[in-house]
Amino acid sequence: MTTSPKIKTLISGRGMLRLLGIFVLFAVSVPGATLADAAPKTASSGGNSNVNALDRLHAGLFINYDKHSQPLDNGEPSAVNMSLTINFIDIDEMNGKMTTHCWLSIRWTDERRTWQPQEYENITAIHLRASEIWKPQITLFNGAGDEDSFLVDTQAILTHDGQFLWVPPAVYTAYCNLNMINWPHDEQTCKLKIGSWGVRHINADYNKMEKGLDYDGLMQSTEWQIISGDTKFVPQDYYSYLEYTLTAQRRSNMYTAIIYTPAACFVILALSAFWLPPHMGGEKIMINGLLMIVVASFLMYFAQLLPVLANKTPLVVVFYSYTLLLLSISTIVEVGVLYLATAKHKRRVPDCLKKLLHGKFGSWLFLSHFSSEAEQQADKNKEMDEHVYDNADGDPSEPLDINPSEVPSSRAIQFEWALLATAMDRVTFVAFSLTFLILAIVCHV
């Protein structure tokens, strides 16, 4: 039986197609080959093909591509260059975390993914899905948890010289060793350790920006601003990472109104209470009690606002706590002053204290005015006493008639003790003023 010419032509045509397909597959399986090398360049196939240049390029580049293998550059695993652009930062003081919103710019080279642009209608770069190419598994080594940090898969760009560029947005939450001593004028230094477990050669992209770190376009936070940053490459045995060190300063203008102004008012009121008359001890104790309640309220506010850090208590909190202690001591002093000024004393003030009150020490405490009034009152009482004894029928058996001029009146005795109470107030005022001044300097208030 003979085969008809039509059947022979069909068989021969199918055989040619199979041979052409095998040739194409064999050609593109060679590393670095493209469909331009495999497709026959005939005059009839010039502009009548249904496959455009971009599809032919993509098929030629990735038909034999393993996205799980690290690309090669000059026969060695390709190095990864990375830079970081920060958009926004926020620091959670209670949990000791810093959240960073940023863009990663990641570059690497694949020597097998190259082509000649003139063979593909002058295409110099193509966009690729991140899921179809190899990319470094970038992770945050000092992250606070996967639920707080994530990296978004975006498209990558491949240029004709084999350069890959992948710019994914990321949100990283890292643990930060906070130092709250100078709160609210504090500066916090936090680190982002970003790298890949499977890549040993990861470098900062210094060609793109200085130090591989950019925060010039930072969206200003309501509380924090970055004042400095640095990048360091840290190699390990089986992996490496880039350590980005960020120093952020707190914007503390608002705290001046809610912390420092009330503190100044507390000090002024506490010191002014010492200048009230000694017999107004009840009013002094009431002022101190109200101040103690308000200061205690501020301490409770600080406890809710700030974390509990060992050996790093904010100096502002120390100032308020010592202010509460000084107000308690002031209350005890005012109780003693009130007793000296209002109790019914039968004995005179000791002579040594009287000499101090009527000498230079008393003038330093502005007691000279009170002393002159006391002397005038004493002279007036003495004259009245002499007039009484001159007109009286003296009975020598009465003990009060013995040297009557040496017996002071009860009012003069009370005045002397009131003068001593006033001196006690003034001395305490000087001591507390120095204490508050030293405390303010030490605590930077």
# chains A, B, ... in the order shown; residues from 1 in each chain; ligands from 1
$ closest_atom_pairs --of "range 251-334 of chain A" --to "range 177-194 of chain A" --cutoff "6 Å" --atoms "only C-alpha atoms" --output "CSV"
residue,atom,partner,partner_atom,distance
A:Ser252,CA,A:Pro184,CA,5.9
A:Lys312,CA,A:Ile181,CA,5.3
A:Thr313,CA,A:Ile181,CA,5.6
A:Pro314,CA,A:Ile181,CA,4.0
A:Leu315,CA,A:Ile181,CA,5.6
$ select_by_dssp --residues "range 59-141 of chain A" --states "alpha helix (DSSP H)" --output "ChimeraX atom specification"
/A:59-62
$ select_by_dssp --residues "range 26-272 of chain A" --states "strand (DSSP E)" --output "mmCIF file with N, CA, C and O atoms, in the first residue's frame"
data_model
loop_
_atom_site.group_PDB
_atom_site.id
_atom_site.type_symbol
_atom_site.label_atom_id
_atom_site.label_comp_id
_atom_site.auth_asym_id
_atom_site.auth_seq_id
_atom_site.Cartn_x
_atom_site.Cartn_y
_atom_site.Cartn_z
ATOM 1 N N LEU A 72 24.340 33.631 40.885
ATOM 2 C CA LEU A 72 25.789 33.693 40.877
ATOM 3 C C LEU A 72 26.241 34.979 40.212
ATOM 4 O O LEU A 72 25.601 35.500 39.295
ATOM 5 N N ASP A 73 27.370 35.472 40.681
ATOM 6 C CA ASP A 73 28.014 36.641 40.096
ATOM 7 C C ASP A 73 29.506 36.359 40.039
ATOM 8 O O ASP A 73 30.160 36.212 41.068
ATOM 9 N N GLU A 76 30.465 33.087 41.857
ATOM 10 C CA GLU A 76 30.272 32.999 43.304
ATOM 11 C C GLU A 76 28.879 33.486 43.664
ATOM 12 O O GLU A 76 28.241 34.208 42.886
ATOM 13 N N PRO A 77 28.386 33.081 44.852
ATOM 14 C CA PRO A 77 27.068 33.577 45.265
ATOM 15 C C PRO A 77 27.021 35.098 45.258
ATOM 16 O O PRO A 77 27.929 35.769 45.767
ATOM 17 N N VAL A 80 24.505 40.816 48.271
ATOM 18 C CA VAL A 80 23.280 41.604 48.365
ATOM 19 C C VAL A 80 23.625 42.968 48.957
ATOM 20 O O VAL A 80 24.265 43.060 50.006
ATOM 21 N N ASN A 81 23.213 44.008 48.265
ATOM 22 C CA ASN A 81 23.381 45.380 48.753
ATOM 23 C C ASN A 81 22.026 45.910 49.198
ATOM 24 O O ASN A 81 21.033 45.752 48.489
ATOM 25 N N MET A 82 22.005 46.529 50.348
ATOM 26 C CA MET A 82 20.735 46.967 50.918
ATOM 27 C C MET A 82 20.889 48.355 51.524
ATOM 28 O O MET A 82 21.899 48.683 52.147
ATOM 29 N N SER A 83 19.869 49.156 51.341
ATOM 30 C CA SER A 83 19.794 50.477 51.981
ATOM 31 C C SER A 83 18.417 50.623 52.618
ATOM 32 O O SER A 83 17.465 49.918 52.249
ATOM 33 N N LEU A 84 18.333 51.539 53.560
ATOM 34 C CA LEU A 84 17.119 51.712 54.350
ATOM 35 C C LEU A 84 16.673 53.164 54.285
ATOM 36 O O LEU A 84 17.466 54.079 54.534
ATOM 37 N N THR A 85 15.414 53.375 53.954
ATOM 38 C CA THR A 85 14.806 54.701 53.952
ATOM 39 C C THR A 85 13.687 54.717 54.977
ATOM 40 O O THR A 85 12.706 53.976 54.841
ATOM 41 N N ILE A 86 13.822 55.541 55.994
ATOM 42 C CA ILE A 86 12.866 55.569 57.109
ATOM 43 C C ILE A 86 11.817 56.642 56.852
ATOM 44 O O ILE A 86 12.141 57.786 56.522
ATOM 45 N N ASN A 87 10.571 56.262 57.028
ATOM 46 C CA ASN A 87 9.459 57.185 56.839
ATOM 47 C C ASN A 87 8.861 57.682 58.148
ATOM 48 O O ASN A 87 8.415 58.831 58.232
ATOM 49 N N PHE A 88 8.850 56.822 59.175
ATOM 50 C CA PHE A 88 8.181 57.188 60.423
ATOM 51 C C PHE A 88 8.689 56.274 61.525
ATOM 52 O O PHE A 88 8.946 55.084 61.300
ATOM 53 N N ILE A 89 8.852 56.831 62.719
ATOM 54 C CA ILE A 89 9.236 56.030 63.885
ATOM 55 C C ILE A 89 8.349 56.393 65.060
ATOM 56 O O ILE A 89 7.817 57.500 65.150
ATOM 57 N N ASP A 90 8.207 55.442 65.956
ATOM 58 C CA ASP A 90 7.474 55.672 67.203
ATOM 59 C C ASP A 90 8.052 54.738 68.249
ATOM 60 O O ASP A 90 8.417 53.587 67.946
ATOM 61 N N ILE A 91 8.168 55.222 69.462
ATOM 62 C CA ILE A 91 8.761 54.450 70.558
ATOM 63 C C ILE A 91 7.709 54.227 71.629
ATOM 64 O O ILE A 91 7.082 55.173 72.106
ATOM 65 N N ASP A 92 7.526 52.967 71.982
ATOM 66 C CA ASP A 92 6.594 52.584 73.043
ATOM 67 C C ASP A 92 7.396 52.389 74.323
ATOM 68 O O ASP A 92 8.070 51.369 74.500
ATOM 69 N N LYS A 97 9.777 49.167 73.026
ATOM 70 C CA LYS A 97 9.832 48.807 71.607
ATOM 71 C C LYS A 97 9.877 50.068 70.747
ATOM 72 O O LYS A 97 9.299 51.099 71.101
ATOM 73 N N MET A 98 10.560 49.935 69.603
ATOM 74 C CA MET A 98 10.563 50.993 68.600
ATOM 75 C C MET A 98 9.957 50.448 67.311
ATOM 76 O O MET A 98 10.403 49.421 66.793
ATOM 77 N N THR A 99 8.941 51.124 66.795
ATOM 78 C CA THR A 99 8.288 50.736 65.547
ATOM 79 C C THR A 99 8.770 51.657 64.442
ATOM 80 O O THR A 99 8.711 52.887 64.578
ATOM 81 N N THR A 100 9.253 51.054 63.350
ATOM 82 C CA THR A 100 9.820 51.804 62.237
ATOM 83 C C THR A 100 9.071 51.459 60.959
ATOM 84 O O THR A 100 8.954 50.280 60.605
ATOM 85 N N HIS A 101 8.557 52.471 60.281
ATOM 86 C CA HIS A 101 7.963 52.317 58.958
ATOM 87 C C HIS A 101 9.013 52.754 57.938
ATOM 88 O O HIS A 101 9.487 53.902 57.986
ATOM 89 N N CYS A 102 9.381 51.851 57.017
ATOM 90 C CA CYS A 102 10.516 52.127 56.157
ATOM 91 C C CYS A 102 10.348 51.448 54.795
ATOM 92 O O CYS A 102 9.419 50.664 54.574
ATOM 93 N N TRP A 103 11.280 51.776 53.902
ATOM 94 C CA TRP A 103 11.430 51.130 52.609
ATOM 95 C C TRP A 103 12.825 50.517 52.551
ATOM 96 O O TRP A 103 13.812 51.168 52.905
ATOM 97 N N LEU A 104 12.890 49.254 52.095
ATOM 98 C CA LEU A 104 14.176 48.605 51.872
ATOM 99 C C LEU A 104 14.491 48.638 50.380
ATOM 100 O O LEU A 104 13.637 48.301 49.551
ATOM 101 N N SER A 105 15.683 49.035 50.045
ATOM 102 C CA SER A 105 16.160 49.007 48.660
ATOM 103 C C SER A 105 17.214 47.918 48.561
ATOM 104 O O SER A 105 18.338 48.084 49.057
ATOM 105 N N ILE A 106 16.872 46.787 47.938
ATOM 106 C CA ILE A 106 17.717 45.601 47.912
ATOM 107 C C ILE A 106 18.166 45.355 46.475
ATOM 108 O O ILE A 106 17.352 45.302 45.553
ATOM 109 N N ARG A 107 19.459 45.161 46.285
ATOM 110 C CA ARG A 107 20.044 44.940 44.967
ATOM 111 C C ARG A 107 20.915 43.698 44.984
ATOM 112 O O ARG A 107 21.619 43.442 45.959
ATOM 113 N N TRP A 108 20.872 42.942 43.893
ATOM 114 C CA TRP A 108 21.783 41.826 43.685
ATOM 115 C C TRP A 108 21.935 41.597 42.183
ATOM 116 O O TRP A 108 21.181 42.141 41.379
ATOM 117 N N THR A 109 22.906 40.768 41.813
ATOM 118 C CA THR A 109 23.249 40.530 40.406
ATOM 119 C C THR A 109 23.136 39.043 40.087
ATOM 120 O O THR A 109 23.550 38.191 40.887
ATOM 121 N N ALA A 125 14.730 47.027 30.748
ATOM 122 C CA ALA A 125 14.331 46.606 32.098
ATOM 123 C C ALA A 125 12.929 46.026 32.035
ATOM 124 O O ALA A 125 12.099 46.455 31.220
ATOM 125 N N ILE A 126 12.680 45.038 32.900
ATOM 126 C CA ILE A 126 11.366 44.427 32.984
ATOM 127 C C ILE A 126 10.956 44.350 34.447
ATOM 128 O O ILE A 126 11.791 44.305 35.352
ATOM 129 N N HIS A 127 9.646 44.344 34.687
ATOM 130 C CA HIS A 127 9.079 44.211 36.028
ATOM 131 C C HIS A 127 8.674 42.757 36.256
ATOM 132 O O HIS A 127 8.060 42.131 35.382
ATOM 133 N N LEU A 128 9.019 42.243 37.423
ATOM 134 C CA LEU A 128 8.765 40.846 37.748
ATOM 135 C C LEU A 128 8.054 40.749 39.088
ATOM 136 O O LEU A 128 8.276 41.568 39.994
ATOM 137 N N ILE A 138 14.819 38.497 53.885
ATOM 138 C CA ILE A 138 15.208 39.543 54.829
ATOM 139 C C ILE A 138 14.361 39.421 56.098
ATOM 140 O O ILE A 138 13.140 39.255 56.038
ATOM 141 N N THR A 139 15.030 39.516 57.234
ATOM 142 C CA THR A 139 14.327 39.430 58.516
ATOM 143 C C THR A 139 14.968 40.380 59.518
ATOM 144 O O THR A 139 16.119 40.815 59.340
ATOM 145 N N LEU A 140 14.228 40.698 60.536
ATOM 146 C CA LEU A 140 14.715 41.548 61.619
ATOM 147 C C LEU A 140 15.163 40.643 62.759
ATOM 148 O O LEU A 140 14.352 39.971 63.395
ATOM 149 N N PHE A 150 6.496 43.084 59.524
ATOM 150 C CA PHE A 150 6.156 42.405 58.279
ATOM 151 C C PHE A 150 6.817 43.134 57.121
ATOM 152 O O PHE A 150 7.170 44.313 57.207
ATOM 153 N N LEU A 151 7.006 42.371 56.022
ATOM 154 C CA LEU A 151 7.627 42.865 54.804
ATOM 155 C C LEU A 151 6.678 42.580 53.654
ATOM 156 O O LEU A 151 6.228 41.446 53.483
ATOM 157 N N ALA A 156 9.686 43.445 41.459
ATOM 158 C CA ALA A 156 11.108 43.728 41.332
ATOM 159 C C ALA A 156 11.408 44.169 39.903
ATOM 160 O O ALA A 156 10.635 43.908 38.973
ATOM 161 N N ILE A 157 12.522 44.827 39.729
ATOM 162 C CA ILE A 157 12.962 45.301 38.430
ATOM 163 C C ILE A 157 14.257 44.594 38.066
ATOM 164 O O ILE A 157 15.194 44.530 38.880
ATOM 165 N N LEU A 158 14.319 44.055 36.834
ATOM 166 C CA LEU A 158 15.511 43.397 36.301
ATOM 167 C C LEU A 158 15.990 44.182 35.097
ATOM 168 O O LEU A 158 15.235 44.400 34.145
ATOM 169 N N THR A 159 17.230 44.629 35.129
ATOM 170 C CA THR A 159 17.810 45.363 34.005
ATOM 171 C C THR A 159 18.588 44.406 33.107
ATOM 172 O O THR A 159 18.891 43.257 33.482
ATOM 173 N N GLN A 163 21.032 43.108 36.788
ATOM 174 C CA GLN A 163 20.867 43.740 38.092
ATOM 175 C C GLN A 163 19.403 43.665 38.521
ATOM 176 O O GLN A 163 18.522 44.119 37.798
ATOM 177 N N PHE A 164 19.192 43.103 39.726
ATOM 178 C CA PHE A 164 17.858 43.053 40.307
ATOM 179 C C PHE A 164 17.713 44.184 41.324
ATOM 180 O O PHE A 164 18.626 44.456 42.115
ATOM 181 N N LEU A 165 16.549 44.814 41.327
ATOM 182 C CA LEU A 165 16.220 45.844 42.315
ATOM 183 C C LEU A 165 14.851 45.534 42.890
ATOM 184 O O LEU A 165 13.863 45.466 42.154
ATOM 185 N N TRP A 166 14.821 45.370 44.215
ATOM 186 C CA TRP A 166 13.563 45.053 44.916
ATOM 187 C C TRP A 166 13.400 46.073 46.037
ATOM 188 O O TRP A 166 14.263 46.201 46.904
ATOM 189 N N PRO A 169 8.153 47.807 50.986
ATOM 190 C CA PRO A 169 7.889 48.534 52.241
ATOM 191 C C PRO A 169 7.861 47.558 53.407
ATOM 192 O O PRO A 169 7.490 46.383 53.247
ATOM 193 N N ALA A 170 8.245 48.049 54.567
ATOM 194 C CA ALA A 170 8.316 47.174 55.745
ATOM 195 C C ALA A 170 7.944 47.959 56.991
ATOM 196 O O ALA A 170 8.115 49.180 57.060
ATOM 197 N N VAL A 171 7.431 47.223 57.959
ATOM 198 C CA VAL A 171 7.163 47.759 59.297
ATOM 199 C C VAL A 171 7.893 46.853 60.280
ATOM 200 O O VAL A 171 7.590 45.663 60.388
ATOM 201 N N TYR A 172 8.874 47.414 60.971
ATOM 202 C CA TYR A 172 9.694 46.643 61.896
ATOM 203 C C TYR A 172 9.474 47.153 63.317
ATOM 204 O O TYR A 172 9.496 48.363 63.570
ATOM 205 N N THR A 173 9.292 46.216 64.220
ATOM 206 C CA THR A 173 9.171 46.532 65.647
ATOM 207 C C THR A 173 10.298 45.812 66.374
ATOM 208 O O THR A 173 10.327 44.580 66.429
ATOM 209 N N ALA A 174 11.229 46.581 66.905
ATOM 210 C CA ALA A 174 12.417 46.023 67.545
ATOM 211 C C ALA A 174 12.452 46.400 69.017
ATOM 212 O O ALA A 174 11.944 47.452 69.420
ATOM 213 N N TYR A 175 13.055 45.503 69.789
ATOM 214 C CA TYR A 175 13.270 45.812 71.199
ATOM 215 C C TYR A 175 14.332 46.899 71.332
ATOM 216 O O TYR A 175 15.276 46.963 70.551
ATOM 217 N N GLU A 187 17.095 61.171 75.052
ATOM 218 C CA GLU A 187 17.465 60.690 73.733
ATOM 219 C C GLU A 187 17.599 59.172 73.807
ATOM 220 O O GLU A 187 18.303 58.657 74.670
ATOM 221 N N GLN A 188 16.912 58.487 72.926
ATOM 222 C CA GLN A 188 16.903 57.032 72.919
ATOM 223 C C GLN A 188 17.687 56.531 71.710
ATOM 224 O O GLN A 188 17.508 57.011 70.594
ATOM 225 N N THR A 189 18.551 55.543 71.941
ATOM 226 C CA THR A 189 19.334 54.918 70.883
ATOM 227 C C THR A 189 18.851 53.490 70.699
ATOM 228 O O THR A 189 18.950 52.667 71.621
ATOM 229 N N CYS A 190 18.312 53.218 69.536
ATOM 230 C CA CYS A 190 17.766 51.901 69.221
ATOM 231 C C CYS A 190 18.463 51.340 67.982
ATOM 232 O O CYS A 190 18.977 52.093 67.155
ATOM 233 N N LYS A 191 18.453 50.017 67.880
ATOM 234 C CA LYS A 191 19.144 49.345 66.782
ATOM 235 C C LYS A 191 18.183 48.451 66.015
ATOM 236 O O LYS A 191 17.329 47.791 66.610
ATOM 237 N N LEU A 192 18.364 48.433 64.694
ATOM 238 C CA LEU A 192 17.659 47.513 63.809
ATOM 239 C C LEU A 192 18.692 46.588 63.184
ATOM 240 O O LEU A 192 19.567 47.036 62.436
ATOM 241 N N LYS A 193 18.593 45.306 63.505
ATOM 242 C CA LYS A 193 19.513 44.314 62.944
ATOM 243 C C LYS A 193 18.781 43.570 61.831
ATOM 244 O O LYS A 193 18.016 42.642 62.078
ATOM 245 N N ILE A 194 19.030 44.006 60.595
ATOM 246 C CA ILE A 194 18.314 43.481 59.435
ATOM 247 C C ILE A 194 19.286 42.678 58.587
ATOM 248 O O ILE A 194 20.367 43.162 58.231
ATOM 249 N N GLY A 195 18.907 41.459 58.269
ATOM 250 C CA GLY A 195 19.761 40.607 57.454
ATOM 251 C C GLY A 195 19.005 39.394 56.961
ATOM 252 O O GLY A 195 17.767 39.339 56.992
ATOM 253 N N SER A 196 19.751 38.399 56.515
ATOM 254 C CA SER A 196 19.171 37.168 55.985
ATOM 255 C C SER A 196 19.942 35.987 56.539
ATOM 256 O O SER A 196 21.178 36.015 56.614
ATOM 257 N N ILE A 202 26.115 40.530 52.698
ATOM 258 C CA ILE A 202 25.100 41.563 52.608
ATOM 259 C C ILE A 202 25.747 42.886 53.011
ATOM 260 O O ILE A 202 26.358 42.998 54.078
ATOM 261 N N ASN A 203 25.684 43.850 52.128
ATOM 262 C CA ASN A 203 26.415 45.096 52.316
ATOM 263 C C ASN A 203 25.455 46.270 52.287
ATOM 264 O O ASN A 203 24.363 46.192 51.707
ATOM 265 N N ALA A 204 25.896 47.367 52.900
ATOM 266 C CA ALA A 204 25.133 48.604 52.831
ATOM 267 C C ALA A 204 25.333 49.221 51.456
ATOM 268 O O ALA A 204 26.453 49.278 50.938
ATOM 269 N N LEU A 213 21.683 54.651 54.734
ATOM 270 C CA LEU A 213 20.568 55.002 55.607
ATOM 271 C C LEU A 213 20.096 56.401 55.257
ATOM 272 O O LEU A 213 20.898 57.334 55.136
ATOM 273 N N ASP A 214 18.777 56.555 55.102
ATOM 274 C CA ASP A 214 18.204 57.850 54.739
ATOM 275 C C ASP A 214 16.976 58.107 55.601
ATOM 276 O O ASP A 214 16.073 57.269 55.680
ATOM 277 N N TRP A 224 8.810 62.351 68.423
ATOM 278 C CA TRP A 224 10.193 61.941 68.213
ATOM 279 C C TRP A 224 10.736 62.496 66.909
ATOM 280 O O TRP A 224 10.011 62.652 65.936
ATOM 281 N N GLN A 225 12.044 62.741 66.900
ATOM 282 C CA GLN A 225 12.751 63.106 65.683
ATOM 283 C C GLN A 225 14.135 62.449 65.716
ATOM 284 O O GLN A 225 14.787 62.392 66.763
ATOM 285 N N ILE A 226 14.579 61.945 64.560
ATOM 286 C CA ILE A 226 15.880 61.287 64.461
ATOM 287 C C ILE A 226 16.951 62.362 64.319
ATOM 288 O O ILE A 226 16.871 63.218 63.444
ATOM 289 N N ILE A 227 17.962 62.309 65.156
ATOM 290 C CA ILE A 227 19.036 63.293 65.109
ATOM 291 C C ILE A 227 20.325 62.702 64.559
ATOM 292 O O ILE A 227 21.211 63.465 64.147
ATOM 293 N N SER A 228 20.475 61.383 64.535
ATOM 294 C CA SER A 228 21.673 60.760 63.974
ATOM 295 C C SER A 228 21.387 59.300 63.656
ATOM 296 O O SER A 228 20.449 58.699 64.200
ATOM 297 N N GLY A 229 22.201 58.766 62.758
ATOM 298 C CA GLY A 229 22.064 57.366 62.373
ATOM 299 C C GLY A 229 23.381 56.841 61.838
ATOM 300 O O GLY A 229 24.213 57.584 61.316
ATOM 301 N N ASP A 230 23.572 55.533 61.978
ATOM 302 C CA ASP A 230 24.808 54.908 61.521
ATOM 303 C C ASP A 230 24.509 53.479 61.075
ATOM 304 O O ASP A 230 23.498 52.880 61.487
ATOM 305 N N THR A 231 25.393 52.950 60.221
ATOM 306 C CA THR A 231 25.237 51.601 59.678
ATOM 307 C C THR A 231 26.524 50.827 59.887
ATOM 308 O O THR A 231 27.623 51.365 59.672
ATOM 309 N N LYS A 232 26.392 49.584 60.297
ATOM 310 C CA LYS A 232 27.560 48.729 60.517
ATOM 311 C C LYS A 232 27.266 47.326 60.007
ATOM 312 O O LYS A 232 26.183 46.773 60.251
ATOM 313 N N PHE A 233 28.224 46.745 59.278
ATOM 314 C CA PHE A 233 28.096 45.380 58.784
ATOM 315 C C PHE A 233 28.619 44.419 59.835
ATOM 316 O O PHE A 233 29.737 44.565 60.330
ATOM 317 N N VAL A 234 27.812 43.423 60.179
ATOM 318 C CA VAL A 234 28.178 42.457 61.209
ATOM 319 C C VAL A 234 28.202 41.066 60.575
ATOM 320 O O VAL A 234 27.147 40.487 60.300
ATOM 321 N N PRO A 235 29.383 40.523 60.293
ATOM 322 C CA PRO A 235 29.460 39.176 59.712
ATOM 323 C C PRO A 235 29.402 38.102 60.786
ATOM 324 O O PRO A 235 29.917 38.275 61.897
ATOM 325 N N SER A 240 24.905 36.988 57.952
ATOM 326 C CA SER A 240 25.385 38.333 58.266
ATOM 327 C C SER A 240 24.191 39.276 58.274
ATOM 328 O O SER A 240 23.118 38.941 57.756
ATOM 329 N N TYR A 241 24.390 40.448 58.844
ATOM 330 C CA TYR A 241 23.299 41.414 58.889
ATOM 331 C C TYR A 241 23.877 42.821 58.972
ATOM 332 O O TYR A 241 25.062 43.024 59.277
ATOM 333 N N LEU A 242 23.027 43.781 58.681
ATOM 334 C CA LEU A 242 23.368 45.194 58.807
ATOM 335 C C LEU A 242 22.724 45.737 60.074
ATOM 336 O O LEU A 242 21.545 45.514 60.321
ATOM 337 N N GLU A 243 23.514 46.419 60.865
ATOM 338 C CA GLU A 243 23.042 46.994 62.124
ATOM 339 C C GLU A 243 22.856 48.497 61.945
ATOM 340 O O GLU A 243 23.827 49.248 61.824
ATOM 341 N N TYR A 244 21.606 48.923 61.915
ATOM 342 C CA TYR A 244 21.282 50.346 61.793
ATOM 343 C C TYR A 244 21.054 50.905 63.193
ATOM 344 O O TYR A 244 20.165 50.445 63.914
ATOM 345 N N THR A 245 21.844 51.901 63.556
ATOM 346 C CA THR A 245 21.738 52.540 64.872
ATOM 347 C C THR A 245 21.083 53.904 64.705
ATOM 348 O O THR A 245 21.603 54.765 63.988
ATOM 349 N N LEU A 246 19.959 54.082 65.358
ATOM 350 C CA LEU A 246 19.186 55.324 65.269
ATOM 351 C C LEU A 246 19.144 55.992 66.639
ATOM 352 O O LEU A 246 18.880 55.329 67.650
ATOM 353 N N THR A 247 19.391 57.274 66.659
ATOM 354 C CA THR A 247 19.282 58.074 67.881
ATOM 355 C C THR A 247 18.136 59.055 67.701
ATOM 356 O O THR A 247 18.185 59.917 66.815
ATOM 357 N N ALA A 248 17.115 58.911 68.527
ATOM 358 C CA ALA A 248 15.914 59.747 68.433
ATOM 359 C C ALA A 248 15.817 60.633 69.666
ATOM 360 O O ALA A 248 16.092 60.194 70.793
ATOM 361 N N GLN A 249 15.411 61.866 69.445
ATOM 362 C CA GLN A 249 15.242 62.844 70.532
ATOM 363 C C GLN A 249 13.767 63.158 70.709
ATOM 364 O O GLN A 249 13.039 63.324 69.730
ATOM 365 N N ARG A 250 13.354 63.250 71.959
ATOM 366 C CA ARG A 250 11.958 63.523 72.253
ATOM 367 C C ARG A 250 11.667 65.027 72.121
ATOM 368 O O ARG A 250 12.461 65.870 72.545
#
$ atom_distance --atom1 "CA of Trp364 in chain A" --atom2 "CA of Phe274 in chain A"
15.6 Å
$ closest_residue --among "A:Arg426, A:Lys135, A:His58, A:Lys360" --to "Glu334 in chain A" --atoms "only C-alpha atoms"
A:Arg426
$ atom_distance --atom1 "CA of Cys176 in chain A" --atom2 "CA of Tyr239 in chain A"
22.6 Å
$ closest_residue --among "A:Val316, A:Val427, A:His201, A:Asn74" --to "Thr256 in chain A" --atoms "only C-alpha atoms"
A:Val316
$ closest_residue --among "A:Asp110, A:Glu416, A:Phe302, A:Ala440" --to "Ala263 in chain A" --atoms "only C-alpha atoms"
A:Ala440
$ decode --residues "range 283-307 of chain A" --atoms "C-alpha atoms" --output "compact mmCIF listing (two decimals), in the first residue's frame"
# COMPACT_ATOMS: atom_id res chain seq x y z
CA GLU A 283 -3.32 77.58 107.41
CA LYS A 284 0.28 76.50 106.78
CA ILE A 285 -0.54 72.87 107.50
CA MET A 286 -3.55 73.07 105.18
CA ILE A 287 -1.42 74.51 102.35
CA ASN A 288 1.15 71.76 102.78
CA GLY A 289 -1.55 69.11 102.86
CA LEU A 290 -3.08 70.31 99.60
CA LEU A 291 0.35 70.43 97.97
CA MET A 292 1.08 66.89 99.13
CA ILE A 293 -2.15 65.63 97.56
CA VAL A 294 -1.36 67.30 94.23
CA VAL A 295 2.25 66.06 94.18
CA ALA A 296 1.08 62.54 95.00
CA SER A 297 -1.36 62.79 92.08
CA PHE A 298 1.51 63.71 89.76
CA LEU A 299 3.51 60.71 90.98
CA MET A 300 0.55 58.44 90.21
CA TYR A 301 0.36 60.01 86.74
CA PHE A 302 4.05 59.28 86.19
CA ALA A 303 3.54 55.68 87.30
CA GLN A 304 0.86 55.24 84.62
CA LEU A 305 2.88 57.04 81.93
CA LEU A 306 6.39 55.65 82.43
CA PRO A 307 7.75 52.10 82.59
